[in-house]
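Chemist: Structure: run_18.txt, compact mmCIF, C-alpha atoms and all ligand atoms.
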# COMPACT_ATOMS: atom_id res chain seq x y z
CA MET A 1 123.93 98.51 102.42
CA ILE A 2 121.64 99.87 105.13
CA ARG A 3 120.30 97.32 107.64
CA THR A 4 116.83 96.08 106.67
CA SER A 5 114.18 95.07 109.10
CA PRO A 6 111.88 92.04 108.95
CA ILE A 7 108.32 93.13 108.26
CA LEU A 8 105.12 91.76 109.77
CA MET A 9 102.17 91.27 107.41
CA CYS A 10 98.81 89.51 107.78
CA PRO A 11 97.17 87.97 104.70
CA PRO A 12 93.70 89.34 103.87
CA ARG A 13 91.87 86.01 103.95
CA HIS A 14 89.17 87.55 106.19
CA PHE A 15 89.46 91.10 104.93
CA GLU A 16 86.19 92.96 104.23
CA VAL A 17 84.51 96.29 104.96
CA SER A 18 81.72 95.35 107.37
CA TYR A 19 81.70 98.45 109.61
CA ARG A 20 82.62 102.11 109.36
CA ILE A 21 85.26 103.59 111.65
CA ASN A 22 86.80 106.07 109.21
CA PRO A 23 85.34 108.09 106.30
CA TRP A 24 86.84 105.76 103.67
CA MET A 25 84.83 102.78 104.88
CA ASN A 26 81.35 102.28 103.53
CA PRO A 27 79.93 98.84 104.26
CA ASP A 28 77.08 99.48 101.79
CA HIS A 29 79.18 100.50 98.79
CA GLY A 30 82.70 99.51 99.63
CA VAL A 31 82.27 95.81 98.92
CA VAL A 32 85.68 94.23 98.84
CA ASP A 33 86.68 91.92 96.01
CA ARG A 34 88.47 89.40 98.22
CA ALA A 35 90.32 87.65 95.38
CA ARG A 36 91.58 90.99 94.12
CA ALA A 37 92.58 92.04 97.64
CA LEU A 38 94.54 88.82 98.05
CA ALA A 39 96.30 89.35 94.71
CA GLN A 40 97.17 92.99 95.55
CA TRP A 41 98.44 91.99 98.99
CA GLN A 42 100.53 89.19 97.49
CA ALA A 43 102.05 91.61 94.98
CA LEU A 44 103.02 93.95 97.83
CA ARG A 45 104.41 91.03 99.81
CA ASP A 46 106.46 89.78 96.84
CA LEU A 47 107.79 93.26 96.15
CA LEU A 48 108.88 93.85 99.76
CA ALA A 49 110.37 90.35 99.92
CA ARG A 50 112.94 91.49 97.35
CA TRP A 51 114.56 93.58 100.05
CA THR A 52 113.62 92.05 103.37
CA GLU A 53 112.19 89.08 105.24
CA ILE A 54 108.39 88.98 105.56
CA VAL A 55 106.91 87.47 108.72
CA GLU A 56 103.28 86.38 108.34
CA LEU A 57 100.69 86.50 111.08
CA GLU A 58 97.69 84.15 110.87
CA PRO A 59 94.52 86.22 110.25
CA VAL A 60 91.54 85.70 112.57
CA PRO A 61 87.93 85.51 111.32
CA GLY A 62 85.81 88.42 112.56
CA PHE A 63 88.75 90.86 112.54
CA PRO A 64 88.80 92.17 108.97
CA ASP A 65 91.16 95.09 109.76
CA MET A 66 93.83 92.81 111.24
CA VAL A 67 95.54 93.01 107.83
CA PHE A 68 96.69 96.48 108.91
CA THR A 69 99.60 95.27 111.01
CA ALA A 70 100.94 98.82 111.43
CA ASN A 71 98.29 98.95 114.14
CA ALA A 72 99.56 95.85 115.97
CA GLY A 73 101.76 97.99 118.17
CA LEU A 74 105.03 99.87 118.19
CA VAL A 75 108.44 98.25 118.54
CA LEU A 76 111.78 99.74 119.39
CA GLY A 77 114.69 97.35 119.88
CA ARG A 78 113.30 94.48 121.95
CA LYS A 79 110.47 96.54 123.44
CA ALA A 80 106.92 96.35 122.13
CA VAL A 81 103.89 98.43 123.05
CA VAL A 82 100.73 96.58 122.02
CA SER A 83 97.93 98.77 120.66
CA ARG A 84 94.80 99.56 122.62
CA PHE A 85 92.24 100.34 119.92
CA TYR A 86 89.81 103.21 120.19
CA HIS A 87 86.94 101.46 118.41
CA GLU A 88 85.10 98.44 119.77
CA GLU A 89 85.35 96.79 116.33
CA ARG A 90 89.15 96.45 116.55
CA LYS A 91 89.70 95.89 120.28
CA GLY A 92 89.64 92.11 119.88
CA GLU A 93 92.75 92.19 117.67
CA SER A 94 95.06 93.21 120.52
CA PRO A 95 95.38 89.79 122.23
CA PHE A 96 96.47 88.23 118.92
CA PHE A 97 99.07 90.92 118.37
CA GLN A 98 100.23 90.57 121.97
CA GLN A 99 100.62 86.81 121.49
CA PHE A 100 102.68 87.46 118.40
CA PHE A 101 105.06 89.87 120.17
CA GLU A 102 105.41 87.41 123.07
CA SER A 103 106.18 84.57 120.69
CA ARG A 104 109.05 86.65 119.28
CA ASP A 105 110.33 87.40 122.80
CA PHE A 106 109.60 91.10 122.79
CA GLU A 107 109.46 92.79 126.21
CA ILE A 108 105.85 93.98 126.36
CA GLN A 109 105.45 97.47 127.84
CA PRO A 110 101.88 97.67 129.19
CA LEU A 111 100.09 100.91 128.32
CA PRO A 112 98.74 102.99 131.20
CA ASP A 113 95.03 102.37 131.87
CA SER A 114 92.56 104.15 129.66
CA ILE A 115 95.16 105.36 127.14
CA TYR A 116 94.29 104.57 123.53
CA PHE A 117 97.21 103.95 121.24
CA GLU A 118 97.13 102.52 117.70
CA GLY A 119 100.75 101.53 117.31
CA ALA A 120 102.95 102.36 114.35
CA GLY A 121 99.88 103.76 112.59
CA ASP A 122 100.18 106.74 114.92
CA ALA A 123 103.85 106.66 115.90
CA LEU A 124 106.69 106.99 113.41
CA PHE A 125 110.39 107.20 114.15
CA ASP A 126 112.26 109.97 112.46
CA ARG A 127 115.05 108.59 110.26
CA GLY A 128 117.37 111.55 110.64
CA ALA A 129 117.12 112.26 114.38
CA PRO A 130 116.53 110.09 117.47
CA LEU A 131 112.89 110.99 117.95
CA LEU A 132 109.39 109.65 117.63
CA TRP A 133 106.59 111.55 115.92
CA ALA A 134 103.27 110.66 117.55
CA GLY A 135 99.82 111.45 116.19
CA SER A 136 96.65 112.24 118.12
CA GLY A 137 93.20 113.54 117.43
CA TRP A 138 91.28 110.52 116.18
CA ARG A 139 92.63 107.28 117.56
CA THR A 140 95.66 107.77 119.80
CA ASP A 141 95.39 109.65 123.07
CA ARG A 142 97.73 112.61 123.36
CA ARG A 143 98.08 111.83 127.06
CA GLY A 144 100.05 108.71 126.14
CA HIS A 145 102.82 110.54 124.31
CA ALA A 146 104.94 111.42 127.35
CA TRP A 147 104.63 107.85 128.60
CA LEU A 148 105.89 106.58 125.23
CA GLY A 149 108.92 108.86 125.50
CA ARG A 150 109.78 107.61 129.00
CA THR A 151 109.18 103.97 128.11
CA LEU A 152 111.14 104.00 124.89
CA GLY A 153 113.77 106.47 126.04
CA CYS A 154 113.41 108.99 123.26
CA GLU A 155 112.07 112.42 122.53
CA VAL A 156 108.44 112.41 121.39
CA LEU A 157 106.93 115.17 119.27
CA GLY A 158 103.13 115.16 119.23
CA LEU A 159 101.25 116.03 116.06
CA GLU A 160 97.56 116.81 116.04
CA LEU A 161 95.52 115.39 113.16
CA VAL A 162 92.54 117.49 112.12
CA ASP A 163 91.12 115.94 108.92
CA PRO A 164 89.07 112.76 109.50
CA ARG A 165 90.26 111.27 106.20
CA PHE A 166 93.77 111.24 107.65
CA TYR A 167 92.92 109.65 110.97
CA HIS A 168 96.25 107.88 111.53
CA LEU A 169 99.59 109.67 111.34
CA ASP A 170 100.91 107.22 108.75
CA THR A 171 98.17 108.25 106.29
CA CYS A 172 99.69 111.71 105.88
CA PHE A 173 103.28 111.63 107.22
CA CYS A 174 106.25 109.50 106.24
CA PRO A 175 109.83 110.00 107.48
CA LEU A 176 112.25 108.64 104.87
CA ASN A 177 115.63 106.99 105.36
CA ASP A 178 117.64 109.99 104.16
CA GLY A 179 116.18 112.12 106.96
CA SER A 180 113.62 113.74 104.68
CA LEU A 181 109.89 113.80 105.20
CA LEU A 182 106.93 113.18 102.92
CA TYR A 183 103.76 114.81 104.31
CA TYR A 184 100.44 116.49 103.70
CA PRO A 185 100.38 119.68 105.80
CA ALA A 186 96.59 120.27 105.68
CA ALA A 187 96.02 117.10 107.69
CA PHE A 188 97.64 118.81 110.71
CA SER A 189 96.67 121.61 113.06
CA GLU A 190 98.51 124.89 112.53
CA ASN A 191 100.61 124.34 115.62
CA SER A 192 101.65 120.94 114.39
CA GLN A 193 102.49 122.30 110.94
CA ARG A 194 104.68 124.87 112.68
CA LEU A 195 106.38 122.21 114.79
CA ILE A 196 107.19 120.14 111.69
CA ALA A 197 108.62 123.21 109.96
CA GLU A 198 110.74 124.02 113.02
CA ARG A 199 112.16 120.53 113.31
CA VAL A 200 112.58 119.50 109.67
CA SER A 201 114.50 121.94 107.49
CA ILE A 202 112.77 123.10 104.33
CA GLY A 203 115.16 121.19 102.09
CA ARG A 204 114.16 117.95 103.77
CA ARG A 205 110.38 118.51 103.57
CA MET A 206 108.50 117.04 100.61
CA VAL A 207 104.97 118.36 100.61
CA VAL A 208 102.42 116.25 98.73
CA ASP A 209 99.34 117.81 97.14
CA THR A 210 95.76 116.83 97.91
CA ASN A 211 95.51 114.38 95.01
CA ASP A 212 98.63 112.52 96.06
CA ALA A 213 97.51 112.60 99.69
CA LEU A 214 94.12 111.13 98.80
CA ALA A 215 95.92 108.42 96.82
CA PHE A 216 97.70 107.48 100.07
CA SER A 217 101.12 108.44 98.73
CA CYS A 218 102.31 109.28 102.25
CA ASN A 219 101.40 105.76 103.30
CA ALA A 220 104.66 104.53 101.82
CA VAL A 221 107.02 101.75 102.82
CA ASN A 222 110.65 102.81 102.62
CA ILE A 223 113.35 100.13 102.65
CA ASP A 224 116.85 101.34 101.90
CA ARG A 225 116.40 103.44 98.76
CA ALA A 226 113.13 101.82 97.68
CA VAL A 227 109.81 103.58 98.26
CA VAL A 228 106.71 101.45 97.76
CA LEU A 229 103.30 103.11 97.54
CA HIS A 230 99.83 102.73 96.07
CA ASP A 231 100.23 105.63 93.65
CA ALA A 232 102.35 108.70 92.95
CA SER A 233 101.89 111.63 90.56
CA PRO A 234 104.73 112.26 88.07
CA GLY A 235 105.79 115.27 90.19
CA LEU A 236 106.03 113.27 93.38
CA ARG A 237 107.84 110.43 91.66
CA GLU A 238 110.36 112.91 90.30
CA ALA A 239 110.86 114.55 93.70
CA LEU A 240 111.58 111.15 95.27
CA GLU A 241 113.88 110.10 92.45
CA ARG A 242 115.79 113.35 92.74
CA ARG A 243 116.57 112.36 96.31
CA GLY A 244 117.91 109.03 95.10
CA PHE A 245 114.88 106.85 95.84
CA SER A 246 113.50 104.25 93.47
CA VAL A 247 109.71 104.48 93.33
CA HIS A 248 107.60 101.32 93.13
CA VAL A 249 103.89 101.72 92.54
CA CYS A 250 101.83 98.83 93.84
CA PRO A 251 98.05 99.20 93.39
CA LEU A 252 96.17 98.55 96.62
CA ASP A 253 92.73 100.02 95.90
CA GLU A 254 90.88 97.16 97.61
CA PHE A 255 92.52 98.30 100.85
CA LEU A 256 91.76 101.96 100.22
CA LYS A 257 88.12 100.93 100.72
CA ALA A 258 89.05 100.37 104.37
CA GLY A 259 91.18 103.52 104.57
CA GLY A 260 94.58 101.91 104.32
CA SER A 261 97.35 101.06 101.87
CA ALA A 262 101.00 99.99 101.71
CA LYS A 263 102.46 101.23 105.00
CA CYS A 264 99.34 100.27 107.01
CA LEU A 265 99.75 96.70 105.80
CA THR A 266 103.24 96.42 107.30
CA LEU A 267 105.07 96.65 110.60
CA LYS A 268 108.86 96.82 110.81
CA LEU A 269 110.03 94.46 113.53
CA ASP A 270 113.46 95.76 114.37
CA GLU A 271 113.20 99.48 114.69
CA GLU A 272 116.01 101.46 116.19
CA LEU A 273 116.52 105.15 116.85
CA ALA A 274 118.43 107.19 114.30
CA SER A 275 121.65 108.67 115.66
CA SER A 276 121.66 112.41 116.22
CA GLY A 277 122.82 114.44 113.27
CA GLY A 278 122.12 111.59 110.85
CA GLU A 279 121.94 112.00 107.08
CA GLY A 280 120.03 114.77 105.51
N1 LIG B 301 90.07 100.30 108.68
C1 LIG B 301 91.23 100.47 109.47
C2 LIG B 301 90.95 101.42 110.61
O1 LIG B 301 90.19 102.34 110.41
C3 LIG B 301 92.37 100.95 108.62
C4 LIG B 301 93.64 101.08 109.37
C5 LIG B 301 94.77 101.62 108.54
N2 LIG B 301 95.97 101.57 109.27
C6 LIG B 301 96.88 102.55 109.34
N3 LIG B 301 97.98 102.30 109.95
N4 LIG B 301 96.67 103.73 108.86
O2 LIG B 301 91.43 101.29 111.69
For this file, write the structure as structure tokens.
Modeler:
Amino acid sequence: MIRTSPILMCPPRHFEVSYRINPWMNPDHGVVDRARALAQWQALRDLLARWTEIVELEPVPGFPDMVFTANAGLVLGRKAVVSRFYHEERKGESPFFQQFFESRDFEIQPLPDSIYFEGAGDALFDRGAPLLWAGSGWRTDRRGHAWLGRTLGCEVLGLELVDPRFYHLDTCFCPLNDGSLLYYPAAFSENSQRLIAERVSIGRRMVVDTNDALAFSCNAVNIDRAVVLHDASPGLREALERRGFSVHVCPLDEFLKAGGSAKCLTLKLDEELASSGGEG
């Protein structure tokens, strides 16, 4: 059995859409059904708890997006980089996330001044090679990528996001445990698409179509052979199953109103680098 990592989640007791910082959010029309959001979140929590420990963070009133713990920061081993949010609306979450990492004895690595970084939402470890894929374009500052590489001691490959609907890397890109990759190419600049193709062999690349991408299928949580996501077309499900994954659909439409789904609602707490020449 592959090692599983405890996962940080934050219950949506104060979740709502009260501002607009991505195209999915519409405070006038996107009214959240809080009871439904709580039930969907609980279903995700219960599902993930089958495979791993869930650590819960106390939500804070006034920070509705705090449920998206992928944006708390990025951890590798005992190191944690706490996010510095781009938008005013989310900046106040950082001290609570910092407190959490301190309470778990992580070594906090302070970001250089004026660098925005939105944590595991924009930084995903490859599962087949010892490298970090880092997004930029909307939230995370490209100038921080080299610093991340030095601080975490790994190679960093920067990917430029060009479609505002896919404003965080984890909305359109998901490295899977067998070294394969689920992604939506059109969310990336041409150079970035080329870089992905150079670094991930064609047999390991699973391209999702626009419908699957808009259903947040790349925003998947992968634990061992389980892949948990909001929705998947029959074709995508089949492609994942062919690779030996079991697909678990878990409806999270209340969170889509804020531009997030399964992966955004989680943060793995004991990340490590893949060894070179891993599976795949
Ligand atoms: N409303 C949140 C935002 O725009 C959603 C964050 C989703 N998180 C993620 N890791 N993609 O910041």
Chemist: Using all atoms listed in the file, determine which residues lie at most 10 Å from stretch 30-37 of chain A, disregarding the query and same-chain residues fewer than 3 positions distant; provide the list as a list in words.
Modeler: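 Here the answer would be Pro11, Pro12, Arg13, His14, Phe15, Glu16, Val17, Ser18, Trp24, Met25, Asn26, Pro27, Gln40, Trp41, Gln42, Ala43, Pro251, Leu252, Asp253, Glu254, Phe255, Leu256, Lys257 and Ala258 of chain A.
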Chemist: Here is a test: counting only C-alpha atoms, which residue of A:Met9, A:Leu267, A:Ala80, A:Ala123 is nearest to A:Ser103?
Modeler: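 Answer, going by the shortest atom-to-atom distance: A:Ala80.
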Chemist: Name each residue within 8 Å of ligand LIG 301 (chain B), counting only C-alpha atoms and all ligand atoms, as a PyMOL selection string.
Modeler: chain A and resi 17+20-22+25+65+68-71+90+118-122+167-171+219+258-261+263-265
Chemist: Store the residues picked out above in a file with C-alpha atoms, as a PDB file, keeping the file's coordinate frame.
Modeler:
ATOM      1  CA  VAL A  17      84.510  96.290 104.960  1.00  0.00           C
ATOM      2  CA  ARG A  20      82.620 102.110 109.360  1.00  0.00           C
ATOM      3  CA  ILE A  21      85.260 103.590 111.650  1.00  0.00           C
ATOM      4  CA  ASN A  22      86.800 106.070 109.210  1.00  0.00           C
ATOM      5  CA  MET A  25      84.830 102.780 104.880  1.00  0.00           C
ATOM      6  CA  ASP A  65      91.160  95.090 109.760  1.00  0.00           C
ATOM      7  CA  PHE A  68      96.690  96.480 108.910  1.00  0.00           C
ATOM      8  CA  THR A  69      99.600  95.270 111.010  1.00  0.00           C
ATOM      9  CA  ALA A  70     100.940  98.820 111.430  1.00  0.00           C
ATOM     10  CA  ASN A  71      98.290  98.950 114.140  1.00  0.00           C
ATOM     11  CA  ARG A  90      89.150  96.450 116.550  1.00  0.00           C
ATOM     12  CA  GLU A 118      97.130 102.520 117.700  1.00  0.00           C
ATOM     13  CA  GLY A 119     100.750 101.530 117.310  1.00  0.00           C
ATOM     14  CA  ALA A 120     102.950 102.360 114.350  1.00  0.00           C
ATOM     15  CA  GLY A 121      99.880 103.760 112.590  1.00  0.00           C
ATOM     16  CA  ASP A 122     100.180 106.740 114.920  1.00  0.00           C
ATOM     17  CA  TYR A 167      92.920 109.650 110.970  1.00  0.00           C
ATOM     18  CA  HIS A 168      96.250 107.880 111.530  1.00  0.00           C
ATOM     19  CA  LEU A 169      99.590 109.670 111.340  1.00  0.00           C
ATOM     20  CA  ASP A 170     100.910 107.220 108.750  1.00  0.00           C
ATOM     21  CA  THR A 171      98.170 108.250 106.290  1.00  0.00           C
ATOM     22  CA  ASN A 219     101.400 105.760 103.300  1.00  0.00           C
ATOM     23  CA  ALA A 258      89.050 100.370 104.370  1.00  0.00           C
ATOM     24  CA  GLY A 259      91.180 103.520 104.570  1.00  0.00           C
ATOM     25  CA  GLY A 260      94.580 101.910 104.320  1.00  0.00           C
ATOM     26  CA  SER A 261      97.350 101.060 101.870  1.00  0.00           C
ATOM     27  CA  LYS A 263     102.460 101.230 105.000  1.00  0.00           C
ATOM     28  CA  CYS A 264      99.340 100.270 107.010  1.00  0.00           C
ATOM     29  CA  LEU A 265      99.750  96.700 105.800  1.00  0.00           C
TER      30      LEU A 265
END
Chemist: Taking 2 positions as the minimum chain separation for residues in the same chain, which residues sit within 12 Å of stretch 240-243 of chain A when counting only C-alpha atoms? Answer as a VMD selection string.
Modeler: chain A and resid 176 to 182 203 to 208 217 to 218 220 222 225 to 229 232 to 238 245 to 248 280
Chemist: Could you state the separation of atom CA of A:Phe97 and atom CA of A:Ser83 in Å, given to one decimal place?
Modeler: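 We find that atom CA of A:Phe97 and atom CA of A:Ser83 lie 8.3 Å from each other.
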Chemist: Which neighbours of stretch 105-117 of chain A fall inside 9 Å, counting all atoms listed in the file, when residues of the same chain fewer than 6 positions from it are skipped, and could you give them as a list of chain:residue names?
Modeler: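 Close residues of stretch 105-117 of chain A: A:Asn71, A:Gly73, A:Val75, A:Gly77, A:Arg78, A:Lys79, A:Ala80, A:Val81, A:Val82, A:Ser83, A:Arg84, A:Phe85, A:Tyr86, A:Gln98, A:Ala123, A:Ser136, A:Arg139, A:Thr140, A:Asp141, A:Arg142, A:Arg143, A:Gly144, A:Trp147, A:Leu148, A:Thr151.
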Chemist: Would you work out the distance separating atom CA of A:Leu48 from atom CA of A:Ser276, expressed in Å to one decimal?
Modeler: 27.9 Å
